[in-house]
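For reference, the structure discussed in these notes is given below.
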Amino acid sequence: MHATPAIPLLSTEALWSRYVQSPQPFEAAFPAHPERFLITRLEAVAPWMKLPAHPHRREVTELLFLTRGRLLRGADGRAISLGPGEAHILLAGQISSVDFISADIAGYYCHFSLETILQLYHKEHMVQELLLLGAHMKTGGLRLHPQTEAAAEAIFGRLLAAYRPQPDLRLIDAYLVTLCYELRRCLPAVVPERRQPRAEVLADDFKNLIINYISEFHPLAFYAGQLGVSPNHLNKAVRQATGKSASEQGWQFWKTTWKVLIACLIPFGTFYIDYAMLRKLEGGQPE
């Protein structure tokens, strides 16, 4: 039985050495400290790439943005197909691969390390935005709105200008957080969960309490005390939620619950019939 090969953790230089056949040496291709931050045009690197780039991990977060062409990459084993006007984020530590790049590719590749993020003035915002964006792009790229697409292209251009000849961290900080905000605008709208009104919550808790003390129907003050409210407050809340007072609603619910129990359990011969209980069920609400 063959062991599964380990997924290598590759530095930028190791990745360049394996998959880029550029006549330009790695040291001359980028400014100092390319492991901390790097940005380049896809069309400048793509002609020299040896594909496929097999699965590997990076210690940097990678950001792709296409303005032309097609690119097929892997993200934690999922195939991600990107086209013009689409962006994709791969967080540090995820499994990455590149399977196909079209000859007409154009756009931007950018990566940055956690060390760089922690040096930013907006580091808390950056971490929050990256986690949110990364979670939404686990299974596919993000299609940008036309207005955001134009803004993203302009921001990437400014990032590139702030990167050469020597990175200006203050400008990179401002552009990165702005870019994340622009991308977030294109995330699918999330329908907020309906918050259950307080009266409905209290009415549901009241029913649950009746079930917990099903052996006897107690005075309203007992249930109110268990719920930490006054009998008057409980009455108002249950009436608001159900249209009936707590006493009336509770009594009806208690009777119905018992009848269901009897109907379910008597056929199995496991229920002792308390005839006093049956008389209560047939009688009226206790005072």
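Here's how to read the names in the structure tokens: chain A, B, ... by the order shown, residue numbers from 1 in each chain, ligand numbers from 1 in the order shown.
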Leaving out range 104-111 of chain A and any residue of its chain fewer than 5 positions from it, which residues lie within 10 Å of it when counting only C-alpha atoms, given as an MDAnalysis selection string? chainID A and resid 12 34:47 58:71 83:92 153 156:157 159:160
Out of range 49-111 of chain A, which residues get strand (DSSP E) from DSSP, as a PyMOL selection string? chain A and resi 53-57+60-68+71-75+78-82+86-90+95-101+106-111
For the structure I just gave you, how does DSSP split range 19-242 of chain A - specifically, which residues are helix (DSSP H, G or I)? Reply as an MDAnalysis selection string. chainID A and resid 19 26:29 42:48 114:119 123:136 146:163 169:184 198:212 220:227 231:242
Residue selection dump (C-alpha atoms) as a tab-separated table (two decimals), in the first residue's frame:
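After the write, result03.tsv holds the following:
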```tsv
chain	number	residue	atom	x	y	z
A	19	TYR	CA	7.33	26.25	-11.82
A	26	PHE	CA	14.34	35.33	-8.74
A	27	GLU	CA	16.39	37.87	-6.77
A	28	ALA	CA	16.14	40.36	-9.61
A	29	ALA	CA	12.43	39.81	-10.30
A	42	LEU	CA	-0.28	37.78	-14.46
A	43	GLU	CA	0.71	38.44	-18.06
A	44	ALA	CA	4.29	39.11	-16.92
A	45	VAL	CA	4.68	35.70	-15.27
A	46	ALA	CA	2.26	33.37	-17.07
A	47	PRO	CA	4.37	32.87	-20.27
A	48	TRP	CA	7.19	31.43	-18.17
A	114	LEU	CA	0.61	37.35	8.40
A	115	GLU	CA	3.69	39.30	9.47
A	116	THR	CA	2.80	42.00	6.96
A	117	ILE	CA	-0.85	42.10	8.05
A	118	LEU	CA	0.19	42.55	11.69
A	119	GLN	CA	2.28	45.59	10.71
A	123	LYS	CA	-4.77	44.89	10.84
A	124	GLU	CA	-7.98	44.03	12.75
A	125	HIS	CA	-10.13	45.02	9.79
A	126	MET	CA	-7.88	43.12	7.39
A	127	VAL	CA	-8.07	39.89	9.40
A	128	GLN	CA	-11.88	40.13	9.64
A	129	GLU	CA	-12.30	40.92	5.95
A	130	LEU	CA	-9.94	38.17	4.79
A	131	LEU	CA	-11.67	35.52	6.89
A	132	LEU	CA	-15.07	36.62	5.56
A	133	LEU	CA	-13.91	36.70	1.93
A	134	GLY	CA	-12.00	33.42	2.26
A	135	ALA	CA	-15.07	31.66	3.65
A	136	HIS	CA	-17.18	32.81	0.67
A	146	PRO	CA	-18.89	46.35	-13.13
A	147	GLN	CA	-18.29	49.33	-10.82
A	148	THR	CA	-16.29	47.22	-8.35
A	149	GLU	CA	-14.34	45.61	-11.20
A	150	ALA	CA	-13.15	49.03	-12.35
A	151	ALA	CA	-12.30	50.02	-8.77
A	152	ALA	CA	-10.41	46.76	-8.15
A	153	GLU	CA	-8.33	47.19	-11.30
A	154	ALA	CA	-7.41	50.73	-10.25
A	155	ILE	CA	-6.50	49.61	-6.70
A	156	PHE	CA	-4.34	46.75	-7.96
A	157	GLY	CA	-2.54	49.23	-10.23
A	158	ARG	CA	-1.87	51.49	-7.24
A	159	LEU	CA	-0.66	48.53	-5.17
A	160	LEU	CA	1.80	47.69	-7.92
A	161	ALA	CA	3.01	51.31	-8.00
A	162	ALA	CA	3.39	51.30	-4.19
A	163	TYR	CA	5.40	48.05	-4.43
A	169	LEU	CA	3.76	49.85	3.65
A	170	ARG	CA	1.54	52.84	4.46
A	171	LEU	CA	0.12	52.95	0.93
A	172	ILE	CA	-0.11	49.15	0.73
A	173	ASP	CA	-2.07	49.21	4.02
A	174	ALA	CA	-4.60	51.74	2.68
A	175	TYR	CA	-5.01	50.02	-0.69
A	176	LEU	CA	-5.37	46.49	0.72
A	177	VAL	CA	-8.11	47.36	3.19
A	178	THR	CA	-9.93	49.39	0.49
A	179	LEU	CA	-9.67	46.44	-1.89
A	180	CYS	CA	-11.16	44.08	0.71
A	181	TYR	CA	-14.07	46.45	1.29
A	182	GLU	CA	-14.69	46.67	-2.46
A	183	LEU	CA	-14.68	42.87	-2.81
A	184	ARG	CA	-17.04	42.47	0.12
A	198	ARG	CA	-39.87	38.29	23.14
A	199	ALA	CA	-43.56	37.45	23.65
A	200	GLU	CA	-43.25	34.36	21.42
A	201	VAL	CA	-40.09	33.26	23.22
A	202	LEU	CA	-41.84	33.55	26.59
A	203	ALA	CA	-44.92	31.69	25.31
A	204	ASP	CA	-42.69	28.84	24.03
A	205	ASP	CA	-40.81	28.71	27.35
A	206	PHE	CA	-44.18	28.56	29.12
A	207	LYS	CA	-45.21	25.52	27.05
A	208	ASN	CA	-41.89	23.81	27.70
A	209	LEU	CA	-42.34	24.42	31.41
A	210	ILE	CA	-45.80	22.84	31.34
A	211	ILE	CA	-44.27	19.74	29.75
A	212	ASN	CA	-41.51	19.65	32.38
A	220	LEU	CA	-49.96	30.64	36.97
A	221	ALA	CA	-47.78	32.17	39.70
A	222	PHE	CA	-45.74	28.95	39.80
A	223	TYR	CA	-44.88	29.08	36.07
A	224	ALA	CA	-44.23	32.83	36.19
A	225	GLY	CA	-41.84	32.34	39.10
A	226	GLN	CA	-39.96	29.63	37.20
A	227	LEU	CA	-39.59	31.98	34.24
A	231	PRO	CA	-47.96	36.49	36.46
A	232	ASN	CA	-49.30	39.68	34.86
A	233	HIS	CA	-46.31	39.92	32.51
A	234	LEU	CA	-46.62	36.25	31.54
A	235	ASN	CA	-50.34	36.70	30.88
A	236	LYS	CA	-49.71	39.70	28.60
A	237	ALA	CA	-46.91	37.97	26.69
A	238	VAL	CA	-48.87	34.76	26.07
A	239	ARG	CA	-51.97	36.75	25.03
A	240	GLN	CA	-49.84	38.78	22.62
A	241	ALA	CA	-48.35	35.60	21.10
A	242	THR	CA	-51.44	33.36	21.04
```
Just the residues within 12 Å of Gly77 in chain A, please, counting only C-alpha atoms, with nothing from its chain fewer than 5 positions along; format it as a list in words.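 Counting only the stated atoms, we get Ile7, His54, Pro55, His56, Arg57, Gln94, Ile95, Ser96, Ser97, Val98, Asp99, Lys138, Thr139 and Gly140 of chain A.
Coordinates place CA of Leu51 in chain A at a distance of 15.1 Å from CA of Ala79 in chain A.
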